[in-house]
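upload05.csv (CSV, C-alpha atoms) appears below.
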```csv
chain,number,residue,atom,x,y,z
A,201,MET,CA,-236.3,-57.5,-91.3
A,202,THR,CA,-232.6,-57.0,-90.8
A,203,THR,CA,-231.2,-53.9,-92.4
A,204,THR,CA,-228.1,-53.9,-94.6
A,205,PHE,CA,-226.2,-52.2,-91.8
A,206,GLU,CA,-227.3,-54.7,-89.2
A,207,ALA,CA,-226.2,-57.6,-91.4
A,208,VAL,CA,-222.9,-56.0,-92.3
A,209,ALA,CA,-222.2,-55.2,-88.6
A,210,GLN,CA,-222.9,-58.7,-87.6
A,211,ILE,CA,-220.5,-60.0,-90.4
A,212,ILE,CA,-217.8,-57.6,-89.3
A,213,SER,CA,-218.2,-58.6,-85.6
A,214,GLU,CA,-218.0,-62.3,-86.3
A,215,THR,CA,-215.2,-62.1,-88.9
A,216,SER,CA,-213.0,-59.6,-87.1
A,217,ASP,CA,-213.9,-60.4,-83.5
A,218,ILE,CA,-215.0,-56.8,-82.8
A,219,PRO,CA,-217.8,-56.3,-80.3
A,220,LEU,CA,-221.1,-55.5,-82.1
A,221,GLU,CA,-221.7,-52.3,-80.0
A,222,GLU,CA,-218.4,-50.8,-81.3
A,223,ILE,CA,-219.6,-51.1,-84.9
A,224,THR,CA,-221.6,-48.0,-85.7
A,225,PRO,CA,-222.6,-46.4,-89.1
A,226,GLU,CA,-220.1,-43.5,-88.8
A,227,LYS,CA,-217.1,-45.8,-88.3
A,228,ASN,CA,-214.5,-46.3,-91.0
A,229,ALA,CA,-213.8,-50.0,-91.3
A,230,PHE,CA,-210.1,-49.5,-91.7
A,231,THR,CA,-209.1,-46.4,-89.7
A,232,ASP,CA,-211.7,-46.7,-86.9
A,233,LEU,CA,-212.2,-50.5,-86.5
A,234,GLY,CA,-208.6,-51.5,-87.4
A,235,ILE,CA,-209.7,-54.0,-90.1
A,236,ASP,CA,-206.9,-54.7,-92.5
A,237,SER,CA,-207.1,-55.5,-96.2
A,238,LEU,CA,-206.9,-59.3,-95.6
A,239,ASP,CA,-209.6,-59.2,-93.0
A,240,PHE,CA,-211.7,-57.2,-95.4
A,241,LEU,CA,-211.5,-60.0,-98.0
A,242,ASP,CA,-213.1,-62.3,-95.5
A,243,ILE,CA,-215.8,-59.6,-94.9
A,244,ALA,CA,-216.3,-59.1,-98.6
A,245,PHE,CA,-216.7,-62.9,-99.0
A,246,ALA,CA,-219.3,-63.0,-96.2
A,247,ILE,CA,-221.1,-60.0,-97.6
A,248,ASP,CA,-221.1,-61.5,-101.1
A,249,LYS,CA,-222.5,-64.8,-99.7
A,250,HIS,CA,-225.1,-63.1,-97.5
A,251,PHE,CA,-226.6,-60.8,-100.1
A,252,GLY,CA,-225.9,-63.0,-103.2
A,253,ILE,CA,-223.8,-60.2,-104.8
A,254,LYS,CA,-220.3,-59.5,-105.9
A,255,ILE,CA,-219.2,-56.2,-104.4
A,256,PRO,CA,-216.8,-54.5,-106.9
A,257,LEU,CA,-213.7,-54.4,-104.7
A,258,GLU,CA,-211.3,-54.2,-107.6
A,259,GLN,CA,-213.1,-51.2,-109.1
A,260,TRP,CA,-213.1,-49.4,-105.7
A,261,THR,CA,-209.4,-50.2,-105.2
A,262,GLU,CA,-208.6,-48.8,-108.6
A,263,GLU,CA,-210.5,-45.6,-108.0
A,264,LEU,CA,-208.8,-45.2,-104.6
A,265,ASN,CA,-205.4,-45.8,-106.1
A,266,GLU,CA,-206.1,-43.2,-108.8
A,267,ASN,CA,-207.0,-40.7,-106.1
A,268,ASN,CA,-210.4,-40.3,-107.7
A,269,ALA,CA,-212.1,-41.0,-104.3
A,270,LEU,CA,-211.5,-40.8,-100.6
A,271,VAL,CA,-211.3,-43.9,-98.4
A,272,ASP,CA,-214.2,-42.6,-96.4
A,273,GLU,CA,-216.5,-42.6,-99.4
A,274,TYR,CA,-216.2,-46.4,-99.6
A,275,PHE,CA,-215.4,-47.7,-96.1
A,276,VAL,CA,-217.4,-45.6,-93.7
A,277,LEU,CA,-220.0,-48.2,-92.9
A,278,SER,CA,-223.0,-46.1,-93.7
A,279,LYS,CA,-221.6,-45.4,-97.1
A,280,LEU,CA,-220.4,-49.0,-97.6
A,281,CYS,CA,-223.9,-50.2,-96.8
A,282,ALA,CA,-225.4,-47.6,-99.3
A,283,ARG,CA,-223.0,-49.0,-102.0
A,284,ILE,CA,-224.0,-52.5,-101.1
A,285,ASP,CA,-227.7,-51.5,-101.5
A,286,ASP,CA,-226.9,-50.1,-104.9
A,287,VAL,CA,-225.2,-53.4,-105.9
A,288,ILE,CA,-228.3,-55.4,-104.6
A,289,ALA,CA,-230.6,-53.0,-106.5
A,290,ALA,CA,-228.6,-53.4,-109.7
A,291,LYS,CA,-228.7,-57.2,-109.4
A,292,ASP,CA,-232.5,-57.2,-108.8
A,293,ALA,CA,-233.2,-54.7,-111.6
B,273,MET,CA,-192.8,-83.0,-107.5
B,274,LEU,CA,-189.6,-81.1,-107.0
B,275,LEU,CA,-190.1,-80.2,-103.4
B,276,GLU,CA,-187.0,-78.0,-103.1
B,277,TYR,CA,-188.1,-76.0,-106.1
B,278,PHE,CA,-191.8,-75.8,-105.0
B,279,GLN,CA,-192.8,-77.5,-108.2
B,280,MET,CA,-195.7,-79.5,-106.6
B,281,ILE,CA,-197.9,-80.4,-109.6
B,282,ASP,CA,-196.7,-82.9,-112.2
B,283,SER,CA,-199.7,-83.0,-114.5
B,284,VAL,CA,-203.2,-81.8,-114.9
B,285,GLU,CA,-205.7,-84.6,-115.5
B,286,GLU,CA,-209.0,-82.6,-115.6
B,287,LEU,CA,-209.7,-78.9,-115.9
B,288,ASP,CA,-213.0,-77.1,-116.2
B,289,PRO,CA,-212.3,-73.4,-115.8
B,290,ASP,CA,-215.9,-72.3,-116.2
B,291,ALA,CA,-217.1,-74.7,-113.5
B,292,GLY,CA,-214.0,-73.9,-111.4
B,293,ARG,CA,-212.6,-77.4,-111.0
B,294,ILE,CA,-209.3,-79.1,-111.5
B,295,VAL,CA,-207.8,-82.5,-110.8
B,296,ALA,CA,-204.0,-82.8,-110.8
B,297,ARG,CA,-201.4,-85.4,-110.1
B,298,ALA,CA,-198.4,-85.1,-108.0
B,299,ASN,CA,-195.8,-87.8,-107.6
B,300,VAL,CA,-193.8,-87.6,-104.4
B,301,PRO,CA,-190.1,-88.3,-105.2
B,302,MET,CA,-188.2,-91.1,-103.5
B,303,GLU,CA,-185.4,-88.7,-102.6
B,304,SER,CA,-185.3,-84.9,-101.8
B,305,PRO,CA,-183.2,-82.6,-99.7
B,306,VAL,CA,-186.4,-81.8,-97.9
B,307,PHE,CA,-186.5,-85.4,-96.4
B,308,GLU,CA,-183.0,-84.9,-94.9
B,309,GLY,CA,-184.6,-82.6,-92.3
B,310,HIS,CA,-188.2,-83.8,-92.4
B,311,PHE,CA,-187.5,-86.1,-90.8
B,312,PRO,CA,-184.1,-87.8,-90.4
B,313,GLY,CA,-184.6,-91.5,-90.7
B,314,SER,CA,-188.4,-91.1,-91.3
B,315,PRO,CA,-189.0,-89.0,-94.4
B,316,LEU,CA,-192.4,-87.4,-94.7
B,317,VAL,CA,-193.8,-84.6,-96.9
B,318,PRO,CA,-194.2,-81.6,-94.7
B,319,GLY,CA,-197.8,-80.5,-94.2
B,320,VAL,CA,-197.0,-77.0,-95.3
B,321,LEU,CA,-195.9,-78.4,-98.7
B,322,LEU,CA,-199.2,-80.3,-98.9
B,323,ILE,CA,-201.0,-77.0,-98.4
B,324,GLU,CA,-198.8,-75.5,-101.1
B,325,THR,CA,-199.7,-78.4,-103.4
B,326,MET,CA,-203.4,-77.6,-102.9
B,327,ALA,CA,-202.7,-73.9,-103.4
B,328,GLN,CA,-200.9,-74.5,-106.6
B,329,ALA,CA,-203.7,-76.7,-108.0
B,330,SER,CA,-206.2,-74.0,-107.0
B,331,GLY,CA,-204.0,-71.3,-108.5
B,332,PHE,CA,-203.7,-73.1,-111.8
B,333,MET,CA,-207.4,-73.4,-112.0
B,334,LEU,CA,-207.9,-69.7,-111.2
B,335,LEU,CA,-205.2,-68.7,-113.7
B,336,SER,CA,-207.0,-70.6,-116.3
B,337,ARG,CA,-210.3,-68.9,-115.4
B,338,LEU,CA,-208.5,-65.5,-115.5
B,339,LYS,CA,-207.1,-66.4,-118.9
B,340,PHE,CA,-203.6,-65.8,-117.5
B,341,GLU,CA,-204.2,-62.1,-117.3
B,342,LYS,CA,-203.8,-61.8,-113.6
B,343,MET,CA,-202.1,-63.9,-110.9
B,344,PRO,CA,-203.7,-65.4,-107.8
B,345,PHE,CA,-201.6,-65.1,-104.6
B,346,LEU,CA,-202.3,-67.2,-101.6
B,347,ALA,CA,-203.7,-65.0,-98.8
B,348,ASN,CA,-205.5,-67.2,-96.3
B,349,VAL,CA,-205.6,-70.9,-95.3
B,350,THR,CA,-208.5,-72.1,-93.2
B,351,ASP,CA,-209.8,-75.4,-91.9
B,352,ALA,CA,-206.6,-77.2,-93.0
B,353,LYS,CA,-206.6,-80.8,-91.9
B,354,MET,CA,-203.6,-83.2,-92.3
B,355,ARG,CA,-205.3,-86.6,-92.0
B,356,THR,CA,-202.4,-88.9,-92.6
B,357,PHE,CA,-198.7,-89.0,-93.4
B,358,VAL,CA,-197.3,-88.9,-97.0
B,359,GLU,CA,-194.2,-90.9,-97.6
B,360,PRO,CA,-191.7,-90.8,-100.5
B,361,GLY,CA,-193.0,-92.5,-103.7
B,362,ALA,CA,-196.7,-91.7,-103.0
B,363,ILE,CA,-198.9,-90.8,-105.9
B,364,LEU,CA,-201.2,-87.9,-105.0
B,365,ARG,CA,-204.5,-86.9,-106.6
B,366,VAL,CA,-205.1,-83.2,-106.0
B,367,GLU,CA,-208.5,-81.7,-106.4
B,368,ALA,CA,-209.6,-78.1,-106.1
B,369,GLU,CA,-212.9,-76.4,-106.8
B,370,LEU,CA,-214.0,-72.8,-106.7
B,371,GLU,CA,-216.1,-71.9,-103.7
B,372,HIS,CA,-216.5,-68.2,-104.5
B,373,ASP,CA,-215.4,-65.9,-107.3
B,374,GLY,CA,-215.1,-62.5,-105.7
B,375,SER,CA,-213.9,-59.1,-107.0
B,376,GLY,CA,-210.2,-59.2,-106.6
B,377,PHE,CA,-210.2,-62.4,-104.6
B,378,ALA,CA,-211.3,-66.0,-104.9
B,379,LYS,CA,-211.9,-68.9,-102.5
B,380,THR,CA,-211.4,-72.5,-103.2
B,381,ARG,CA,-211.8,-75.9,-101.5
B,382,ALA,CA,-209.1,-78.4,-102.1
B,383,ASN,CA,-208.1,-81.9,-101.0
B,384,ILE,CA,-205.4,-84.5,-101.6
B,385,SER,CA,-206.0,-88.2,-101.7
B,386,SER,CA,-203.8,-91.2,-102.5
B,387,ASP,CA,-205.2,-94.6,-103.5
B,388,GLY,CA,-208.6,-93.4,-102.5
B,389,LYS,CA,-207.5,-92.5,-99.0
B,390,LYS,CA,-208.0,-88.9,-97.8
B,391,ILE,CA,-204.6,-87.2,-97.1
B,392,CYS,CA,-205.6,-83.6,-96.4
B,393,ASP,CA,-208.1,-80.8,-97.2
B,394,SER,CA,-208.4,-77.1,-96.7
B,395,ARG,CA,-210.1,-73.9,-97.8
B,396,LEU,CA,-207.9,-71.4,-99.4
B,397,MET,CA,-208.3,-67.7,-100.3
B,398,PHE,CA,-206.4,-65.9,-103.0
B,399,ARG,CA,-205.8,-62.2,-103.8
B,400,ILE,CA,-206.2,-61.7,-107.6
B,401,MET,CA,-203.6,-59.2,-108.7
B,402,PRO,CA,-201.7,-58.1,-111.8
B,403,PHE,CA,-198.5,-60.0,-112.5
B,404,PRO,CA,-195.7,-58.1,-110.9
B,405,ASN,CA,-193.6,-58.4,-114.0
B,406,ASP,CA,-193.4,-60.1,-117.4
B,407,THR,CA,-190.8,-62.6,-116.3
B,408,LEU,CA,-193.1,-64.2,-113.8
B,409,LYS,CA,-195.9,-64.3,-116.3
B,410,SER,CA,-193.6,-65.9,-118.9
B,411,ASN,CA,-192.4,-68.5,-116.4
B,412,MET,CA,-195.9,-69.4,-115.3
B,413,LEU,CA,-196.9,-69.9,-118.9
B,414,ASP,CA,-193.9,-72.2,-119.4
B,415,ARG,CA,-195.0,-74.1,-116.3
B,416,PHE,CA,-198.5,-74.5,-117.6
B,417,SER,CA,-197.2,-76.1,-120.7
B,418,GLN,CA,-195.0,-78.5,-118.7
B,419,ILE,CA,-197.8,-79.8,-116.6
B,420,GLY,CA,-200.3,-80.0,-119.5
B,421,LEU,CA,-202.5,-77.3,-118.3
B,422,LEU,CA,-202.9,-75.7,-121.7
B,423,LYS,CA,-203.6,-79.1,-123.2
B,424,ALA,CA,-206.1,-80.1,-120.5
B,425,GLU,CA,-207.9,-76.8,-121.0
```
Translate the structure of the given file into structure tokens.
Amino acid sequence: MTTTFEAVAQIISETSDIPLEEITPEKNAFTDLGIDSLDFLDIAFAIDKHFGIKIPLEQWTEELNENNALVDEYFVLSKLCARIDDVIAAKDA
Amino acid sequence: MLLEYFQMIDSVEELDPDAGRIVARANVPMESPVFEGHFPGSPLVPGVLLIETMAQASGFMLLSRLKFEKMPFLANVTDAKMRTFVEPGAILRVEAELEHDGSGFAKTRANISSDGKKICDSRLMFRIMPFPNDTLKSNMLDRFSQIGLLKAE
């Protein structure tokens, strides 16, 4: 069974044309992989579709803008995947 | 259509915000300064303005879903196909439907036809953001009234 990280890495690789082997759990999508906010919308769309969820990008952006959180807390891939798992769990609950 | 003012939609014929669908009409004018350059002696509606027309129809549908509280801004155009030329005087049917309602973004599929003939189609992505100021919001609301969006809703 494909893990959340494997699925997200595949999506990022295909969407942003980044070799799969460069996409590792400790990488930050923006600062390490060079993904910009427009690319991330495509990634969010693909994640939403793949998992049948709606990741709360607006809420995350507001929290970041209000300095209540660090970018790494959302966009380091291991943490991003944990948040996606939370959204999936909330949907299935 | 007032091409030089980017007023692409003339009227809204059908609107279902919950289903994410809109059908609009756009009447290509017989004359426009745009045709002086595109092209001299052979006037055609530029493909970029057809994309803008699909984006505006999509945008009006999204604005209606958003109850005019936020503004969709065009962010990405994919799979755009210009299938045939559009000449002055053409009457266009513009359709758009929601493909995905994301958090802070939305994707639509849109197409234009004329007399049952396919003109163009595309997939469009929008960022959903706060209105940058009250002037824009007020002007958009005025525009909605002009094209019958509030009535269609």
> Which value, in Å to one decimal, gives the distance between atom CA of A:Leu280 and atom CA of A:Asp217?
Replying inline: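 These two atoms are separated by 19.3 Å.
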> Near stretch 235-243 of chain A, counting only C-alpha atoms, which residues have an atom at most 7 Å away, once you skip same-chain residues fewer than 2 positions from it, shown as a list in words?
Replying inline: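 Skipping anything fewer than 2 positions along the chain leaves Ile211, Ile212, Thr215, Ser216, Ala229, Phe230, Leu233, Phe245, Ala246 and Ile247 of chain A.
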>> Could you tell me which residues of chain B sit within 8 Å of chain A when counting only C-alpha atoms, and give me the result as a ChimeraX atom specification?
In response: /B:347,372,374-377
>> Which residues are close to stretch 365-368 of chain B, i.e. within 10 Å by all atoms listed in the file, leaving aside same-chain residues fewer than 4 positions away? Reply as a count of residues only.
In response: 41
> What does the distance from atom CA of B:Met354 to atom CA of B:Pro318 come to in Å, to one decimal?
Replying inline: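 If I compute the distance from atom CA of B:Met354 to atom CA of B:Pro318, I get 9.8 Å.
Between atom CA of A:Thr203 and atom CA of A:Glu221 lies a distance of 15.7 Å.
Within 9 Å of A:Val271, once only C-alpha atoms are used and residues closer than 4 positions along the same chain are dropped, the contacting residues are Asn228, Phe230, Leu264, Phe275 and Val276 of chain A.
Between B:Glu324 and the residues B:Phe357, B:Phe278, B:Phe416, B:Phe340, the shortest atom-to-atom distance, using all atoms listed in the file, involves B:Phe278.
Near B:Glu276, within 9 Å and counting all atoms listed in the file, sit B:Met273, B:Gln279, B:Ser304, B:Pro305, B:Val306; same-chain residues fewer than 3 positions away were not included.
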>> Using only C-alpha atoms, can you tell me which of B:Leu321, B:Arg355, B:Leu370, B:Leu408 comes closest to B:Tyr277?
In response: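 For B:Tyr277, the nearest of the candidates is B:Leu321.
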> So which one's closest to A:Lys279, A:Thr231, A:Lys291, A:Pro219, A:Glu226? Using all atoms listed in the file, please.
Replying inline: A:Glu226
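Of the residues listed (A:Asp272, A:Phe205, A:Asp286, A:Gly234), A:Gly234 shows the shortest atom-to-atom separation from A:Ile218; distances use all atoms listed in the file.
You can rank A:Glu262, A:Glu222, A:Asp232, A:Gly252 by their closest distance to A:Ala289 using only C-alpha atoms, and at the top of that list sits A:Gly252.
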>> So that I can check the surroundings of B:Asp406, please list as an MDAnalysis selection string every protein, DNA and RNA residue that reaches within 12 Å of it, counting all atoms listed in the file and ignoring chain neighbours fewer than 3 positions away.
In response: chainID B and resid 340:343 402:403 409:413
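Checking B:Glu308, B:Leu364, B:Thr356, B:Phe345 one by one against B:Lys379, counting only C-alpha atoms, you find the shortest gap at B:Phe345.
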